[in-house]
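Worksheet for the structure shown next.
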Amino acid sequence: MASFLTDVLIAAGKFEKGNLNEKIIEIQKETTKLKYDVKDFMDDNYIEFTSKFTRDQHLVAKGEKLLEEMNMLQKRIDDQIKIELSGSTKELKTLSQALKESNMMLQLSNQLLTLHECIKSVKNYQDEKAYVSAAKTLGSMQTMLYNPQSDLRNLDIYTAIEEEYLNLYTSFLSIASSLLKERIRWTGVEDKNPTTVTLSIKDDFDDIQDLIQGLHCIDNLSNHLHEFATTLMEHVINPIINDDCFVHVIDDKIFTVEILNRKKSASYKIVLHNLELLFKFLHQHLNLAIDDDNSFLKQIQPHLLDRLSAMLTTNCISRIVPTSSADLKNFTPIVKAIDDFQYFLVEIGFITSDQLFLSEYTKNIDKLFIEKICQDLLEKARNIMKKDLHDCITYEPQEPLKFLEDSYNNEIKIDSRLSDNTFQLPKCQISKSAQETLNLARSILDEACTTDSCAIRLFYTCRNVFEMYSGLVPEHHHKFLETIPQQVAVFHNNCMYLAHHLLTLGHEYKDRLPESLQNKNLTFVDQILTLRNIGSTCFLEHMKYQRNIIFDILKESGLSALGQTFELQPSTERALRQCIRQLELLKTVWLDVLPVNIYCRAVGCIMNSMVEDLIIKVISVEDIPADDATELVTLFNLIVKRAPIIFPDPQKIHQHVRKWEKFLGLIKILGASLKEIEVWWDGGKGLLAHEFTASQIKQLIRALFQNTVRRSNLLASIK
């Protein structure tokens, strides 16, 4: 019985295998024929472009029928493999592999036919204005063409089909974009500095939503949203917030912004009202569904909200933050108006309740109030510091401090008193802006004395004013400070004036400030050194600038060629007179500006550099003819005559010009005889010995006198 069943199964298996083999051979023939038919069809349509109207549908039906037969055969083969698993399966595996290859070719053929159907469908949808269906079909084609697991790329016809898809995509995108711009139309935005801009919504065609959804399906809507938001921000929202403009809606379809005055801003009420009109208009016409979760208005928010928030807060809301306690009490209606505008944006779906971007202005008004006050004060200080430095007033010393004799312990006897000028800033000229800066600082501290809530901020704002002066004034006026001596002198005085008052400013207000500040170390003393250093450094740099002017003049004087010609060059006298005139110019612009002691030290230093340079030039010469020496005496006496009157007290020139006595000694030597020089040297104890070294005297003697026995004896005696 068992052997009978075995024979039956074997016979059935052979029959089944034979039947399967025949079927597979038949299907392979049909598949091959179908493959060539599809190839011919694709060549005709995408390469030769021959018109075929019915053949494609026949091929599709034939392909579908073959797919059904393939699936049935695959199932039968799988069943047969299971039956004969214990036997030889090589033949069945070969048949299975052949069937898979045929299946792959059939799938490729079917995909090609499907792509062809998609191409026809897209064209038909466009003709029927079914933009969403056309976009979805293009999306399906994109998925099939660019599927990395597909073998379509290996086909020769792939490039032609891809080009056809790209042409369809470009055409659809161009048509949909053009139609959307016709439905949502801007006028005036292309003009330079337009005064009137309109936004028109033409919803008579009833296809705006389909166009938007179609562009969304092909992932191109974001570009249009960004472009629309940029135009809306630049040409509508910006004028509404920053300019005085007239906003109105015509026939519920045209939104118009007419700029009346670009230099004037509207009040916050008008700004919020006009913005509400704008968003009502957008909500009425463009609150269109893009998909189940998003609308056009909601999708435009990421492209618009940040810029809207920044401009509205910076250019409108920040301007109405109160700057006084009285304004702060009346700010409640403003807070309500701002909140109502935000809730309106939530209501129309533009933002969510978590995106109330103006809440920091409505919930933290006290903090913003203080910030606003401090910003306004610093802005006021900045404007003061930018004023001209040469707009000056004369600062007179204050009344001298009175010291009470009985204020000391009786056991301490004071034999001498301090000078009345102690702790006094000497008479000088200062800029009006420096005085205004100090007055502003005092007004800030006065305000801090009356309010406890922001006293600390006000105190540090006052300190910031002086820090700003140290940094802003030298930078803003640097061109004048480099070249104009009067302005650099005034700036020096300004720094010393402010530093002088900072010595006692903190102590002056300490007992008047709120109790919360009285136990803190509130002082301005640390800023004194900074101001003094900046004023001194700037002034010293200009002194170097003036000294270099003198040196440049002396370089052209011809003194460097002294002894190399028979007479002095004409430029020598001209250069020395020019040097004196330069010093006299400094007297004109500095004498009444600087404190007297500072003036004498500054001009004395510059003059000393000039005199020292003249001495060095003469001493270094090896041979000075007698005529040159005589002419030098004349020219140097010109300096001796005019230089002292540059100082307030000409008799004290030697106190300010260290090399003055040496210069006078040089003039004596140039006009003296050997005998006179010997007397003035007096063995190293005479007048010349105080100013000249032995080597310098010898050098001058060798240059001025010929080599004689008397000269040799004198040189030998000088040690």
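Labels used: A, B, ... for chains in the order of the structure tokens, numbers from 1 for residues in each chain, and numbers from 1 for ligands as shown.
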
Q: Fewer than 3 positions away in the same chain doesn't count, so skip those; otherwise give me all residues within 9 Å of region 482-495 of chain A, counting only C-alpha atoms, as a PyMOL selection string.
A: chain A and resi 389-390+392+428-431+433-435+469-470+473-474+477-479+498-500+528+531-539+541-543+545-546+586+589-590+593-595

Q.
So that I can see what lies close to region 296-304 of chain A, please list as an NGL selection string the residues with an atom at most 9 Å from it, counting only C-alpha atoms and leaving out residues fewer than 3 positions away in the same chain.
A. :A and (209 or 212 or 222 or 225-230 or 232-233 or 282-283 or 286-290 or 307-309 or 348-351)

Write the residues of the selection above to a file with C-alpha atoms, as a CSV table (one decimal), in the first residue's frame.
```
chain,number,residue,atom,x,y,z
A,209,GLN,CA,-7.3,76.8,-2.3
A,212,ILE,CA,-2.3,76.4,-2.7
A,222,SER,CA,7.0,77.4,1.4
A,225,LEU,CA,4.8,81.8,1.7
A,226,HIS,CA,8.2,83.4,2.3
A,227,GLU,CA,7.8,85.7,-0.7
A,228,PHE,CA,4.3,86.7,0.4
A,229,ALA,CA,5.4,87.3,4.0
A,230,THR,CA,8.4,89.4,2.9
A,232,LEU,CA,3.6,91.9,3.4
A,233,MET,CA,6.2,92.9,6.0
A,282,LEU,CA,-6.1,88.0,5.6
A,283,HIS,CA,-8.3,85.8,7.8
A,286,LEU,CA,-6.7,83.5,3.0
A,287,ASN,CA,-7.8,81.3,5.9
A,288,LEU,CA,-7.7,78.3,3.4
A,289,ALA,CA,-7.1,74.7,4.4
A,290,ILE,CA,-3.8,73.3,3.2
A,307,ARG,CA,9.9,90.0,12.1
A,308,LEU,CA,6.5,91.3,13.1
A,309,SER,CA,7.3,90.9,16.8
A,348,ILE,CA,-8.1,83.9,14.1
A,349,GLY,CA,-5.5,81.1,14.4
A,350,PHE,CA,-2.4,83.1,13.5
A,351,ILE,CA,-0.7,82.4,16.8
```

(Q) Just list as number ranges by chain whatever in region 426-602 of chain A DSSP marks as strand (DSSP E). (A) A: 428-431
